Amino acid sequence: MRVELAVDARRPDRGCEDFAAATPEALVLLDGSSTPESLATGCTHGTAWYVRRLGVHLLARLTDRADRTAAECLADAIAETAALHGGRCDLANPATPAAMVVAARLRGDTLEYLALGDSLLVLHPEQGPPRVIGDNQRFPGGEELRRQVWSTVPGSAERAALHLRYATAVRAARNTGHGPWIAAALPRAAEHAETGTVARAGLRGAAALSDGAARFTDRLELGSWADAAQLLAEAGPAELIARVRAAERTDPHCLRWPRSKAHDDAAALYARL
C-alpha cells in the first residue's frame, strides 16, 4: 500500500484526539470520544494519550500477528493499553477514555477490515460506486437528546448542559449490551466490530475517515462518497479536510448544517492498492 494521511485538531490550542498511522501492509485510524470537561473520567491520562497508545498497539498487532484476526488484534491492543493505565486510573468509570476504530491490512490477495463506532472505511473500486463500512454502533436512546443539543446555540450554557446530559447517557449505556460498543478498557468490545474481507483485485484504494472528516459527505453534503473518494485519490486527505474546514467557517453557529460543534477533530487516510 502507498498511504497518505492528514490529521487536524478542531482548535489550535487543544490537543487532537484523532490518530492515524500506517505501514505498507496495514492502516489504523482512531477517533477519540471527547468528554465534557465537567465529566470525571477516572483517568489521569486523557483521551489523546489513549488513542495514540491504542493505535500504535493495534498497528503493531496487525503487522506482526498474521495468526490473529483483526478483531482479535483489536482485543489484544485494548488489553495492552488498559495495562498501561496503571493503578491510578479507574477503568470501570463509564467515561474512561475510548475511541472509534477503523483498521485494514493486506492478507495475500485480500484486504481484511474492521470498523467499530462511527468512523468509516471507504472501499474505492476501479469501477462502480464506493462501498462505505462503519457507523455501526448507533445509540437510538440518545438521538432525541442529540437533536436537542443541535437545536441550541453553540457556546451557550443551555447547549453545554444538554451536551453533558447526552454524554452521560451514552457513557452509561456503552459497552454494557444496552448501548453502543466502543474501544475503551474491555477487550470484548472488539467482538462487536464490523469485520470482513474483500478481494484486492479491482480496488483502486481504501480510505479511512473520522466523523470530523466524513462531514464532507454525511453532514456538510459537499459531495457524494464517489466525489470524496476521487478527491482523496487525486488531491489527498489534507485537501478533503481543508474543504471541510472552509465550509464549517461559513456556518459558525451550526445553523445551515446542524451539528454538535462547529469544528471537530478530523483525520483522513487514503491507501492506494
# chains A, B, ... in the order shown; residues from 1 in each chain; ligands from 1
>>> closest_atom_pairs(of="segment 31-127 of chain A", to="segment 226-250 of chain A", cutoff="12 Å", atoms="only C-alpha atoms", output="CSV")
residue,atom,partner,partner_atom,distance
A:Leu121,CA,A:Ala229,CA,10.8
A:Val122,CA,A:Ala229,CA,7.6
A:Leu123,CA,A:Ala229,CA,8.4
A:His124,CA,A:Ala229,CA,6.4
A:Pro125,CA,A:Ala229,CA,9.5
A:Glu126,CA,A:Gln230,CA,10.7
A:Gln127,CA,A:Ala226,CA,10.6
>>> select_by_dssp(residues="segment 32-164 of chain A", states="helix (DSSP H, G or I)", output="JSON, numbers by chain")
{"A": [47, 48, 49, 50, 51, 52, 53, 54, 55, 56, 57, 58, 59, 60, 61, 62, 63, 64, 70, 71, 72, 73, 74, 75, 76, 77, 78, 79, 80, 81, 82, 83, 84, 85, 140, 141, 142, 143, 144, 145, 146, 147, 148, 149, 150, 157, 158, 159, 160, 161, 162, 163, 164]}
>>> closest_residue(among="A:Pro154, A:Pro130, A:Pro187, A:Gly86", to="Ala98 of chain A", atoms="only C-alpha atoms")
A:Pro187
>>> residues_around(residues="segment 21-26 of chain A", least_positions_apart="6", cutoff="7 Å", atoms="only C-alpha atoms", output="list of chain:residue names")
A:Met1, A:Arg2, A:Leu59, A:Leu62, A:Thr63, A:Ala104, A:Arg105, A:Leu106
>>> write_last_selection(atoms="C-alpha atoms", output="PDB file, in the first residue's frame")
ATOM      1  CA  MET A   1       0.000   0.000   0.000  1.00  0.00           C
ATOM      2  CA  ARG A   2       1.031   3.605  -0.620  1.00  0.00           C
ATOM      3  CA  LEU A  59      -0.933  -1.289  14.195  1.00  0.00           C
ATOM      4  CA  LEU A  62      -1.988  -6.096  12.650  1.00  0.00           C
ATOM      5  CA  THR A  63       1.515  -6.031  11.191  1.00  0.00           C
ATOM      6  CA  ALA A 104      -7.352  -2.689   7.492  1.00  0.00           C
ATOM      7  CA  ARG A 105      -4.487  -4.886   6.362  1.00  0.00           C
ATOM      8  CA  LEU A 106      -3.410  -6.792   3.299  1.00  0.00           C
TER       9      LEU A 106
END
>>> residues_around(residues="segment 202-219 of chain A", least_positions_apart="3", cutoff="7 Å", atoms="only C-alpha atoms", output="MDAnalysis selection string")
chainID A and resid 29 31 102 118:126 222:225 241 244 257 264:273
>>> atom_distance(atom1="atom CA of His85 of chain A", atom2="atom CA of Thr44 of chain A")
8.3 Å
>>> closest_residue(among="A:Gly42, A:Gly32, A:Pro94, A:Gly108", to="Ala172 of chain A", atoms="only C-alpha atoms")
A:Pro94
>>> closest_residue(among="A:Thr81, A:Thr168, A:Thr110, A:Thr69", to="Thr41 of chain A", atoms="only C-alpha atoms")
A:Thr168
>>> closest_residue(among="A:Leu164, A:Leu91, A:Ala66, A:Ala75", to="Ala189 of chain A", atoms="only C-alpha atoms")
A:Ala75
>>> residues_around(residues="segment 141-145 of chain A", least_positions_apart="2", cutoff="12 Å", atoms="only C-alpha atoms", output="ChimeraX atom specification")
/A:137-139,147-152,159,161-174,178-180,260
>>> select_by_dssp(residues="segment 12-240 of chain A", states="strand (DSSP E)", output="number ranges by chain")
A: 18-22, 26-32, 99-107, 110-116, 120-125, 131-134, 194-199, 203-209
>>> write_last_selection(atoms="C-alpha atoms", output="PDB file, in the first residue's frame")
ATOM      1  CA  ASP A  18      -7.853  11.653  16.368  1.00  0.00           C
ATOM      2  CA  PHE A  19      -4.981   9.393  15.302  1.00  0.00           C
ATOM      3  CA  ALA A  20      -3.902   7.779  12.041  1.00  0.00           C
ATOM      4  CA  ALA A  21      -0.892   5.617  11.169  1.00  0.00           C
ATOM      5  CA  ALA A  22       0.111   3.005   8.610  1.00  0.00           C
ATOM      6  CA  ALA A  26      -1.743  -2.147   7.466  1.00  0.00           C
ATOM      7  CA  LEU A  27      -3.534   1.041   8.467  1.00  0.00           C
ATOM      8  CA  VAL A  28      -5.356   2.295  11.546  1.00  0.00           C
ATOM      9  CA  LEU A  29      -7.469   5.356  12.278  1.00  0.00           C
ATOM     10  CA  LEU A  30      -8.929   6.193  15.681  1.00  0.00           C
ATOM     11  CA  ASP A  31     -11.384   8.895  16.688  1.00  0.00           C
ATOM     12  CA  GLY A  32     -11.227   9.620  20.403  1.00  0.00           C
ATOM     13  CA  ALA A  99     -12.245   5.600  20.718  1.00  0.00           C
ATOM     14  CA  MET A 100     -13.890   4.605  17.466  1.00  0.00           C
ATOM     15  CA  VAL A 101     -11.632   2.412  15.341  1.00  0.00           C
ATOM     16  CA  VAL A 102     -11.052   1.677  11.662  1.00  0.00           C
ATOM     17  CA  ALA A 103      -8.339  -0.770  10.597  1.00  0.00           C
ATOM     18  CA  ALA A 104      -7.352  -2.689   7.492  1.00  0.00           C
ATOM     19  CA  ARG A 105      -4.487  -4.886   6.362  1.00  0.00           C
ATOM     20  CA  LEU A 106      -3.410  -6.792   3.299  1.00  0.00           C
ATOM     21  CA  ARG A 107      -3.525 -10.579   3.573  1.00  0.00           C
ATOM     22  CA  THR A 110      -7.447  -9.795   0.089  1.00  0.00           C
ATOM     23  CA  LEU A 111      -7.922  -6.732   2.247  1.00  0.00           C
ATOM     24  CA  GLU A 112      -9.143  -7.535   5.763  1.00  0.00           C
ATOM     25  CA  TYR A 113     -11.008  -4.714   7.514  1.00  0.00           C
ATOM     26  CA  LEU A 114     -12.539  -3.741  10.852  1.00  0.00           C
ATOM     27  CA  ALA A 115     -14.762  -0.834  11.885  1.00  0.00           C
ATOM     28  CA  LEU A 116     -16.113  -0.074  15.352  1.00  0.00           C
ATOM     29  CA  LEU A 120     -15.725   4.945   8.334  1.00  0.00           C
ATOM     30  CA  LEU A 121     -13.814   2.781   5.892  1.00  0.00           C
ATOM     31  CA  VAL A 122     -14.499   3.625   2.262  1.00  0.00           C
ATOM     32  CA  LEU A 123     -13.554   0.998  -0.338  1.00  0.00           C
ATOM     33  CA  HIS A 124     -12.758   2.748  -3.625  1.00  0.00           C
ATOM     34  CA  PRO A 125     -13.161   0.372  -6.600  1.00  0.00           C
ATOM     35  CA  ARG A 131     -18.611   0.910  -0.505  1.00  0.00           C
ATOM     36  CA  VAL A 132     -18.895   2.606   2.880  1.00  0.00           C
ATOM     37  CA  ILE A 133     -18.348   0.492   6.013  1.00  0.00           C
ATOM     38  CA  GLY A 134     -18.836   1.612   9.607  1.00  0.00           C
ATOM     39  CA  GLU A 194     -17.901  -4.912  11.736  1.00  0.00           C
ATOM     40  CA  THR A 195     -15.307  -7.118  10.038  1.00  0.00           C
ATOM     41  CA  GLY A 196     -14.771  -8.778   6.698  1.00  0.00           C
ATOM     42  CA  THR A 197     -12.524  -9.263   3.700  1.00  0.00           C
ATOM     43  CA  VAL A 198     -12.642  -8.014   0.143  1.00  0.00           C
ATOM     44  CA  ALA A 199     -10.631  -9.043  -2.908  1.00  0.00           C
ATOM     45  CA  LEU A 203      -9.809  -1.934  -5.767  1.00  0.00           C
ATOM     46  CA  ARG A 204      -8.210   1.391  -6.562  1.00  0.00           C
ATOM     47  CA  GLY A 205      -7.766   2.210  -2.894  1.00  0.00           C
ATOM     48  CA  ALA A 206      -9.241   2.343   0.596  1.00  0.00           C
ATOM     49  CA  ALA A 207      -9.919   5.381   2.760  1.00  0.00           C
ATOM     50  CA  ALA A 208     -10.430   5.756   6.497  1.00  0.00           C
ATOM     51  CA  LEU A 209     -12.221   8.800   7.912  1.00  0.00           C
TER      52      LEU A 209
END
>>> closest_residue(among="A:Ala201, A:Val153, A:Val56, A:Ile78", to="Leu186 of chain A", atoms="only C-alpha atoms")
A:Ile78
>>> atom_distance(atom1="atom CA of Leu39 of chain A", atom2="atom CA of Ala83 of chain A")
23.0 Å
>>> closest_residue(among="A:Leu255, A:Ala95, A:Leu74, A:Leu84", to="Ala183 of chain A", atoms="only C-alpha atoms")
A:Leu74
>>> atom_distance(atom1="atom CA of Cys254 of chain A", atom2="atom CA of Glu158 of chain A")
14.9 Å
>>> decode(residues="segment 211-222 of chain A", atoms="all heavy atoms", output="compact mmCIF listing (two decimals), in the first residue's frame")
# COMPACT_ATOMS: atom_id res chain seq x y z
N ASP A 211 -15.26 10.92 12.00
CA ASP A 211 -16.50 11.61 11.66
C ASP A 211 -16.27 13.09 11.35
O ASP A 211 -17.04 13.69 10.60
CB ASP A 211 -17.57 11.41 12.73
CG ASP A 211 -17.21 12.02 14.08
OD1 ASP A 211 -16.03 12.37 14.31
OD2 ASP A 211 -18.11 12.14 14.93
N GLY A 212 -15.20 13.66 11.90
CA GLY A 212 -14.90 15.05 11.57
C GLY A 212 -14.52 15.25 10.13
O GLY A 212 -14.80 16.30 9.54
N ALA A 213 -13.88 14.25 9.51
CA ALA A 213 -13.55 14.32 8.08
C ALA A 213 -14.70 13.83 7.23
O ALA A 213 -14.93 14.35 6.12
CB ALA A 213 -12.30 13.49 7.80
N ALA A 214 -15.46 12.85 7.73
CA ALA A 214 -16.60 12.33 6.98
C ALA A 214 -17.71 13.36 6.83
O ALA A 214 -18.63 13.16 6.02
CB ALA A 214 -17.14 11.08 7.67
N ARG A 215 -17.63 14.47 7.57
CA ARG A 215 -18.60 15.55 7.39
C ARG A 215 -18.66 16.03 5.94
O ARG A 215 -19.67 16.59 5.52
CB ARG A 215 -18.22 16.75 8.27
CG ARG A 215 -18.52 16.59 9.74
CD ARG A 215 -18.13 17.85 10.50
NE ARG A 215 -18.56 17.80 11.89
CZ ARG A 215 -18.47 18.82 12.75
NH1 ARG A 215 -17.94 19.98 12.33
NH2 ARG A 215 -18.89 18.70 13.99
N PHE A 216 -17.59 15.84 5.19
CA PHE A 216 -17.56 16.25 3.79
C PHE A 216 -18.82 15.78 3.07
O PHE A 216 -19.43 16.53 2.29
CB PHE A 216 -16.32 15.67 3.11
CG PHE A 216 -16.20 16.01 1.64
CD1 PHE A 216 -15.52 17.14 1.24
CD2 PHE A 216 -16.77 15.19 0.67
CE1 PHE A 216 -15.41 17.46 -0.12
CE2 PHE A 216 -16.67 15.49 -0.67
CZ PHE A 216 -15.99 16.64 -1.08
N THR A 217 -19.21 14.53 3.35
CA THR A 217 -20.39 13.95 2.70
C THR A 217 -21.59 13.86 3.62
O THR A 217 -22.69 14.29 3.27
CB THR A 217 -20.05 12.55 2.14
OG1 THR A 217 -19.15 12.69 1.05
CG2 THR A 217 -21.30 11.82 1.66
N ASP A 218 -21.41 13.31 4.82
CA ASP A 218 -22.60 12.95 5.61
C ASP A 218 -23.18 14.09 6.43
O ASP A 218 -24.27 13.95 6.97
CB ASP A 218 -22.32 11.73 6.49
CG ASP A 218 -21.31 11.99 7.60
OD1 ASP A 218 -20.95 13.15 7.84
OD2 ASP A 218 -20.90 11.00 8.25
N ARG A 219 -22.51 15.22 6.55
CA ARG A 219 -23.07 16.35 7.30
C ARG A 219 -23.12 17.61 6.45
O ARG A 219 -24.14 18.29 6.37
CB ARG A 219 -22.24 16.60 8.56
CG ARG A 219 -22.80 17.68 9.49
CD ARG A 219 -24.17 17.35 10.00
NE ARG A 219 -24.23 16.03 10.61
CZ ARG A 219 -25.35 15.38 10.90
NH1 ARG A 219 -26.52 15.94 10.61
NH2 ARG A 219 -25.35 14.18 11.44
N LEU A 220 -22.02 17.95 5.78
CA LEU A 220 -21.95 19.19 5.01
C LEU A 220 -22.43 19.02 3.57
O LEU A 220 -22.69 20.02 2.89
CB LEU A 220 -20.51 19.71 5.01
CG LEU A 220 -19.88 19.92 6.39
CD1 LEU A 220 -18.43 20.37 6.26
CD2 LEU A 220 -20.67 20.93 7.21
N GLU A 221 -22.52 17.78 3.10
CA GLU A 221 -23.01 17.48 1.75
C GLU A 221 -22.24 18.25 0.68
O GLU A 221 -22.81 18.82 -0.25
CB GLU A 221 -24.52 17.78 1.66
CG GLU A 221 -25.34 16.94 2.64
CD GLU A 221 -26.82 17.25 2.58
OE1 GLU A 221 -27.19 18.37 2.17
OE2 GLU A 221 -27.62 16.37 2.96
N LEU A 222 -20.91 18.25 0.80
CA LEU A 222 -20.06 18.90 -0.18
C LEU A 222 -19.85 18.04 -1.42
O LEU A 222 -19.33 18.52 -2.43
CB LEU A 222 -18.71 19.23 0.45
CG LEU A 222 -18.75 20.14 1.67
CD1 LEU A 222 -17.35 20.32 2.24
CD2 LEU A 222 -19.37 21.48 1.32
